[in-house]
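S.K.: Input structure: start19.pdb, which contains PDB, C-alpha atoms, pLDDT in the B column.
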```
ATOM      1  CA  MET A  32     111.047 175.802-191.815  1.00 42.00           C
ATOM      2  CA  GLY A  33     114.678 176.358-190.715  1.00 52.00           C
ATOM      3  CA  LYS A  34     117.121 178.938-191.944  1.00 57.00           C
ATOM      4  CA  LYS A  35     118.819 178.317-195.270  1.00 67.00           C
ATOM      5  CA  ILE A  36     122.416 179.329-195.703  1.00 78.00           C
ATOM      6  CA  ASP A  37     124.877 178.849-198.525  1.00 90.00           C
ATOM      7  CA  SER A  38     127.158 175.875-197.787  1.00 93.00           C
ATOM      8  CA  LYS A  39     130.267 177.751-198.912  1.00 93.00           C
ATOM      9  CA  LYS A  40     129.512 180.614-196.525  1.00 95.00           C
ATOM     10  CA  LEU A  41     128.760 178.175-193.722  1.00 96.00           C
ATOM     11  CA  ALA A  42     132.099 176.411-194.289  1.00 96.00           C
ATOM     12  CA  GLY A  43     133.882 179.774-194.273  1.00 95.00           C
ATOM     13  CA  LEU A  44     132.223 180.746-191.012  1.00 96.00           C
ATOM     14  CA  ALA A  45     133.200 177.398-189.457  1.00 97.00           C
ATOM     15  CA  VAL A  46     136.810 178.029-190.523  1.00 96.00           C
ATOM     16  CA  GLU A  47     136.818 181.466-188.893  1.00 96.00           C
ATOM     17  CA  LEU A  48     135.351 180.095-185.654  1.00 97.00           C
ATOM     18  CA  LEU A  49     137.918 177.291-185.520  1.00 97.00           C
ATOM     19  CA  LYS A  50     140.789 179.701-186.134  1.00 96.00           C
ATOM     20  CA  GLN A  51     139.537 182.070-183.432  1.00 96.00           C
ATOM     21  CA  LYS A  52     139.804 179.227-180.925  1.00 96.00           C
ATOM     22  CA  LYS A  53     143.305 178.342-182.150  1.00 96.00           C
ATOM     23  CA  GLY A  54     142.293 175.337-184.246  1.00 95.00           C
ATOM     24  CA  ARG A  55     145.336 174.059-186.114  1.00 95.00           C
ATOM     25  CA  ASP A  56     145.805 173.294-189.809  1.00 94.00           C
ATOM     26  CA  VAL A  57     142.252 174.253-190.728  1.00 95.00           C
ATOM     27  CA  VAL A  58     141.359 173.277-194.297  1.00 94.00           C
ATOM     28  CA  VAL A  59     138.241 173.060-196.416  1.00 95.00           C
ATOM     29  CA  LEU A  60     137.784 170.325-198.994  1.00 93.00           C
ATOM     30  CA  ASP A  61     135.303 171.112-201.756  1.00 91.00           C
ATOM     31  CA  VAL A  62     133.771 167.697-202.415  1.00 93.00           C
ATOM     32  CA  LYS A  63     130.640 168.802-204.309  1.00 90.00           C
ATOM     33  CA  LYS A  64     131.659 167.023-207.514  1.00 87.00           C
ATOM     34  CA  ILE A  65     132.787 163.785-205.857  1.00 89.00           C
ATOM     35  CA  SER A  66     130.419 163.347-202.902  1.00 88.00           C
ATOM     36  CA  ASP A  67     126.724 162.666-202.666  1.00 87.00           C
ATOM     37  CA  PHE A  68     126.387 163.448-198.950  1.00 91.00           C
ATOM     38  CA  THR A  69     127.945 166.909-198.536  1.00 93.00           C
ATOM     39  CA  ASP A  70     129.504 169.832-200.386  1.00 93.00           C
ATOM     40  CA  TYR A  71     132.346 170.772-198.025  1.00 95.00           C
ATOM     41  CA  LEU A  72     134.478 169.041-195.423  1.00 95.00           C
ATOM     42  CA  VAL A  73     136.060 171.350-192.872  1.00 97.00           C
ATOM     43  CA  ILE A  74     138.971 169.696-191.090  1.00 96.00           C
ATOM     44  CA  ALA A  75     140.874 171.043-188.087  1.00 96.00           C
ATOM     45  CA  SER A  76     143.183 169.758-185.388  1.00 96.00           C
ATOM     46  CA  GLY A  77     143.055 170.335-181.658  1.00 95.00           C
ATOM     47  CA  THR A  78     145.878 169.837-179.179  1.00 94.00           C
ATOM     48  CA  SER A  79     143.990 167.955-176.447  1.00 93.00           C
ATOM     49  CA  ASP A  80     140.572 166.568-175.524  1.00 92.00           C
ATOM     50  CA  THR A  81     139.764 169.886-173.852  1.00 92.00           C
ATOM     51  CA  HIS A  82     140.812 171.865-176.915  1.00 95.00           C
ATOM     52  CA  ILE A  83     138.759 169.607-179.203  1.00 95.00           C
ATOM     53  CA  ARG A  84     135.704 170.127-176.964  1.00 94.00           C
ATOM     54  CA  ALA A  85     136.266 173.906-177.020  1.00 95.00           C
ATOM     55  CA  LEU A  86     136.520 173.928-180.826  1.00 97.00           C
ATOM     56  CA  PHE A  87     133.405 171.740-181.111  1.00 96.00           C
ATOM     57  CA  SER A  88     131.416 174.011-178.778  1.00 96.00           C
ATOM     58  CA  GLU A  89     132.566 177.161-180.583  1.00 97.00           C
ATOM     59  CA  VAL A  90     131.279 175.865-183.918  1.00 97.00           C
ATOM     60  CA  GLU A  91     128.108 174.318-182.509  1.00 97.00           C
ATOM     61  CA  GLU A  92     127.113 177.439-180.567  1.00 96.00           C
ATOM     62  CA  ASN A  93     127.976 180.037-183.197  1.00 97.00           C
ATOM     63  CA  LEU A  94     126.946 178.687-186.586  1.00 96.00           C
ATOM     64  CA  PRO A  95     123.557 180.138-187.542  1.00 94.00           C
ATOM     65  CA  ILE A  96     121.866 176.755-188.004  1.00 94.00           C
ATOM     66  CA  PRO A  97     121.759 173.672-185.773  1.00 94.00           C
ATOM     67  CA  ALA A  98     123.725 170.573-186.722  1.00 94.00           C
ATOM     68  CA  TYR A  99     121.681 167.679-188.106  1.00 94.00           C
ATOM     69  CA  LYS A 100     123.979 165.274-186.363  1.00 95.00           C
ATOM     70  CA  LYS A 101     126.901 165.571-183.976  1.00 94.00           C
ATOM     71  CA  GLU A 102     129.301 163.140-182.387  1.00 93.00           C
ATOM     72  CA  MET A 103     131.658 163.764-179.511  1.00 88.00           C
ATOM     73  CA  ARG A 104     132.530 161.564-176.577  1.00 79.00           C
ATOM     74  CA  LYS A 105     133.886 162.489-173.138  1.00 73.00           C
ATOM     75  CA  ARG A 106     137.389 161.380-174.020  1.00 76.00           C
ATOM     76  CA  THR A 107     137.594 162.273-177.643  1.00 79.00           C
ATOM     77  CA  LYS A 108     140.197 162.310-180.353  1.00 89.00           C
ATOM     78  CA  TRP A 109     137.697 163.056-183.132  1.00 91.00           C
ATOM     79  CA  ALA A 110     134.506 165.107-183.090  1.00 95.00           C
ATOM     80  CA  VAL A 111     132.062 165.661-185.963  1.00 96.00           C
ATOM     81  CA  LEU A 112     129.322 168.192-186.664  1.00 97.00           C
ATOM     82  CA  ASP A 113     127.113 167.504-189.706  1.00 96.00           C
ATOM     83  CA  TYR A 114     125.246 170.456-191.214  1.00 96.00           C
ATOM     84  CA  GLY A 115     124.172 168.698-194.405  1.00 93.00           C
ATOM     85  CA  GLY A 116     126.137 170.737-196.936  1.00 94.00           C
ATOM     86  CA  VAL A 117     129.064 171.059-194.526  1.00 97.00           C
ATOM     87  CA  VAL A 118     130.637 168.447-192.274  1.00 97.00           C
ATOM     88  CA  VAL A 119     133.114 169.693-189.666  1.00 97.00           C
ATOM     89  CA  HIS A 120     135.768 167.236-188.427  1.00 97.00           C
ATOM     90  CA  ILE A 121     137.912 168.130-185.420  1.00 97.00           C
ATOM     91  CA  PHE A 122     140.755 165.734-184.732  1.00 95.00           C
ATOM     92  CA  HIS A 123     143.590 165.275-182.311  1.00 93.00           C
ATOM     93  CA  SER A 124     146.744 165.493-184.481  1.00 88.00           C
ATOM     94  CA  ASP A 125     147.577 161.772-184.207  1.00 88.00           C
ATOM     95  CA  PHE A 126     144.059 160.723-185.220  1.00 90.00           C
ATOM     96  CA  ARG A 127     144.048 163.178-188.095  1.00 91.00           C
ATOM     97  CA  LYS A 128     147.246 161.619-189.428  1.00 90.00           C
ATOM     98  CA  PHE A 129     145.817 158.105-188.946  1.00 90.00           C
ATOM     99  CA  TYR A 130     142.497 158.746-190.708  1.00 86.00           C
ATOM    100  CA  ASP A 131     144.079 161.119-193.252  1.00 88.00           C
ATOM    101  CA  LEU A 132     140.873 162.499-194.757  1.00 86.00           C
ATOM    102  CA  GLU A 133     142.869 164.832-196.983  1.00 84.00           C
ATOM    103  CA  SER A 134     144.365 161.795-198.777  1.00 81.00           C
ATOM    104  CA  THR A 135     141.059 159.928-198.828  1.00 82.00           C
ATOM    105  CA  TRP A 136     139.504 162.939-200.562  1.00 82.00           C
ATOM    106  CA  SER A 137     142.655 163.815-202.532  1.00 79.00           C
ATOM    107  CA  SER A 138     140.723 164.633-205.694  1.00 70.00           C
ATOM    108  CA  ALA A 139     138.787 167.340-203.825  1.00 74.00           C
ATOM    109  CA  LYS A 140     139.660 170.971-204.305  1.00 74.00           C
ATOM    110  CA  LYS A 141     141.486 172.088-201.167  1.00 79.00           C
ATOM    111  CA  THR A 142     140.736 175.585-199.963  1.00 76.00           C
ATOM    112  CA  ALA A 143     141.209 177.514-196.804  1.00 64.00           C
ATOM    113  CA  LYS A 144     140.553 181.088-195.972  1.00 50.00           C
ATOM    114  CA  LYS A 145     143.718 183.070-195.819  1.00 49.00           C
ATOM    115  CA  GLU A 146     144.547 184.206-192.356  1.00 47.00           C
ATOM    116  CA  THR A 147     144.337 187.896-191.900  1.00 41.00           C
ATOM    117  CA  LYS A 148     147.773 189.221-191.256  1.00 41.00           C
ATOM    118  CA  LYS A 149     148.063 192.172-188.965  1.00 40.00           C
ATOM    119  CA  ARG A 150     149.781 194.977-190.736  1.00 35.00           C
ATOM    120  CA  LYS A 151     152.954 196.088-189.123  1.00 38.00           C
ATOM    121  CA  LYS A 152     153.504 199.779-189.069  1.00 40.00           C
ATOM    122  CA  ASN A 153     156.449 200.797-191.149  1.00 41.00           C
ATOM    123  CA  VAL A 154     158.786 202.511-188.842  1.00 38.00           C
ATOM    124  CA  LYS A 155     161.258 204.772-190.512  1.00 44.00           C
ATOM    125  CA  ARG A 156     164.466 205.026-188.671  1.00 43.00           C
ATOM    126  CA  SER A 157     166.185 208.307-188.773  1.00 42.00           C
ATOM    127  CA  LYS A 158     169.841 208.244-189.628  1.00 45.00           C
ATOM    128  CA  ARG A 159     172.129 209.998-187.265  1.00 46.00           C
ATOM    129  CA  ARG A 160     174.660 212.300-188.722  1.00 47.00           C
ATOM    130  CA  ASN A 161     177.874 212.652-186.861  1.00 44.00           C
TER     131      ASN A 161
END
```
Would you mind writing the file out in structure tokens?

M.R.:
Amino acid sequence: MGKKIDSKKLAGLAVELLKQKKGRDVVVLDVKKISDFTDYLVIASGTSDTHIRALFSEVEENLPIPAYKKEMRKRTKWAVLDYGGVVVHIFHSDFRKFYDLESTWSSAKKTAKKETKKRKKNVKRSKRRN
């Protein structure tokens, strides 16, 4: 029997992987209460076919369980990885606007992990006295 992992944690891990590879506008839609096929939709944008492939590979290779289903073509504007409780969509920006999954699932709770901000050191400037 395969590994079991909490869908929420899996979605969070997918978000982190996408952000590490510079995925844009990464969001998670919690669709548990309105969907019968998955719990979370993770949506991200890539800047080119190459970037979309890199994002797809990053998620596919680094999530702790294999995808049940995956779809990506050579020249792609939209790639999908289906993990059962989590479905990851990676779009080119124009396709994301066209398909507009966020509006289609507008009643879903929208979440995204907050990006970790690097703390800037507070530098105290000494005042010169003349």

S.K.: Counting only C-alpha atoms, figure out which residue out of A:Lys40, A:Asp113, A:Arg84, A:Lys141 gets nearest to A:Val58.

M.R.: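 Comparing A:Lys40, A:Asp113, A:Arg84, A:Lys141 against A:Val58, the winner is A:Lys141.
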
S.K.: Which polymer residues, protein or nucleic acid, are no farther than 12 Å from (123.2, 176.7, -202.5), counting only C-alpha atoms, as a ChimeraX atom specification?

M.R.: /A:35-41,63,69-71,115-117

S.K.: Selected residues, C-alpha atoms, written as a CSV table (one decimal), in the frame of the given file, please.

M.R.:
```csv
chain,number,residue,atom,x,y,z
A,35,LYS,CA,118.8,178.3,-195.3
A,36,ILE,CA,122.4,179.3,-195.7
A,37,ASP,CA,124.9,178.8,-198.5
A,38,SER,CA,127.2,175.9,-197.8
A,39,LYS,CA,130.3,177.8,-198.9
A,40,LYS,CA,129.5,180.6,-196.5
A,41,LEU,CA,128.8,178.2,-193.7
A,63,LYS,CA,130.6,168.8,-204.3
A,69,THR,CA,127.9,166.9,-198.5
A,70,ASP,CA,129.5,169.8,-200.4
A,71,TYR,CA,132.3,170.8,-198.0
A,115,GLY,CA,124.2,168.7,-194.4
A,116,GLY,CA,126.1,170.7,-196.9
A,117,VAL,CA,129.1,171.1,-194.5
```

S.K.: Which is closer to A:Gly54 than all the others in A:Arg106, A:Lys128, A:Lys101, A:His120, using all atoms listed in the file?

M.R.: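 Among the listed residues, the smallest separation from A:Gly54 belongs to A:His120.
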
S.K.: Run through the PyMOL selection byres ((chain A and resi 91) around 10) on the given coordinates and return the selected residues as a PyMOL selection string.

M.R.: chain A and resi 45+48+85-90+92-98+101+112-114+119

S.K.: Of the candidates A:Val46, A:Leu60, A:Met103, A:Ile121, which one gets nearest to A:Ala75 if we count all atoms listed in the file?

M.R.: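 Under the stated criterion, the closest residue is A:Ile121.
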
S.K.: Put stretch 118-145 of chain A into a file with N, CA and C atoms, as a compact mmCIF listing (two decimals), in the first residue's frame.

M.R.:
```
# COMPACT_ATOMS: atom_id res chain seq x y z
N VAL A 118 -4.99 18.64 -6.63
CA VAL A 118 -4.75 18.72 -8.06
C VAL A 118 -3.95 20.00 -8.30
N VAL A 119 -2.79 19.86 -8.94
CA VAL A 119 -1.91 20.99 -9.20
C VAL A 119 -2.06 21.40 -10.67
N HIS A 120 -2.41 22.67 -10.89
CA HIS A 120 -2.54 23.24 -12.23
C HIS A 120 -1.44 24.26 -12.43
N ILE A 121 -0.70 24.13 -13.53
CA ILE A 121 0.35 25.09 -13.85
C ILE A 121 0.04 25.65 -15.23
N PHE A 122 -0.22 26.93 -15.27
CA PHE A 122 -0.65 27.60 -16.50
C PHE A 122 0.36 28.61 -17.00
N HIS A 123 0.32 28.86 -18.30
CA HIS A 123 0.92 30.07 -18.84
C HIS A 123 -0.08 31.18 -18.48
N SER A 124 0.39 32.37 -18.20
CA SER A 124 -0.48 33.46 -17.73
C SER A 124 -1.73 33.68 -18.58
N ASP A 125 -1.57 33.68 -19.91
CA ASP A 125 -2.72 33.90 -20.79
C ASP A 125 -3.77 32.80 -20.65
N PHE A 126 -3.32 31.56 -20.55
CA PHE A 126 -4.26 30.44 -20.39
C PHE A 126 -4.94 30.49 -19.03
N ARG A 127 -4.19 30.90 -18.03
CA ARG A 127 -4.79 31.00 -16.69
C ARG A 127 -5.91 32.03 -16.69
N LYS A 128 -5.68 33.15 -17.35
CA LYS A 128 -6.74 34.17 -17.45
C LYS A 128 -7.94 33.62 -18.23
N PHE A 129 -7.67 32.90 -19.32
CA PHE A 129 -8.74 32.36 -20.16
C PHE A 129 -9.61 31.35 -19.40
N TYR A 130 -8.97 30.39 -18.75
CA TYR A 130 -9.72 29.35 -18.04
C TYR A 130 -10.23 29.81 -16.69
N ASP A 131 -9.56 30.75 -16.07
CA ASP A 131 -10.01 31.43 -14.86
C ASP A 131 -10.61 30.49 -13.81
N LEU A 132 -9.82 29.53 -13.37
CA LEU A 132 -10.30 28.57 -12.37
C LEU A 132 -10.70 29.24 -11.06
N GLU A 133 -10.03 30.32 -10.72
CA GLU A 133 -10.37 31.02 -9.48
C GLU A 133 -11.82 31.52 -9.51
N SER A 134 -12.29 31.99 -10.68
CA SER A 134 -13.69 32.42 -10.79
C SER A 134 -14.64 31.22 -10.86
N THR A 135 -14.22 30.18 -11.56
CA THR A 135 -15.05 28.98 -11.65
C THR A 135 -15.30 28.40 -10.26
N TRP A 136 -14.29 28.44 -9.42
CA TRP A 136 -14.39 27.93 -8.05
C TRP A 136 -14.45 29.09 -7.05
N SER A 137 -15.18 30.14 -7.41
CA SER A 137 -15.20 31.35 -6.58
C SER A 137 -15.76 31.15 -5.18
N SER A 138 -16.54 30.13 -4.97
CA SER A 138 -17.08 29.89 -3.63
C SER A 138 -16.09 29.11 -2.75
N ALA A 139 -14.95 28.73 -3.31
CA ALA A 139 -13.93 28.02 -2.55
C ALA A 139 -13.17 28.99 -1.66
N LYS A 140 -12.69 28.48 -0.55
CA LYS A 140 -11.86 29.28 0.33
C LYS A 140 -10.47 29.38 -0.31
N LYS A 141 -10.02 30.60 -0.51
CA LYS A 141 -8.73 30.83 -1.16
C LYS A 141 -7.66 31.00 -0.09
N THR A 142 -6.64 30.17 -0.18
CA THR A 142 -5.53 30.28 0.77
C THR A 142 -4.23 30.20 0.01
N ALA A 143 -3.23 30.69 0.61
CA ALA A 143 -1.87 30.56 0.07
C ALA A 143 -0.93 30.74 1.22
N LYS A 144 0.12 29.99 1.21
CA LYS A 144 1.10 30.16 2.28
C LYS A 144 1.77 31.50 2.12
N LYS A 145 1.93 32.16 3.23
CA LYS A 145 2.60 33.46 3.18
C LYS A 145 4.06 33.24 2.85
```
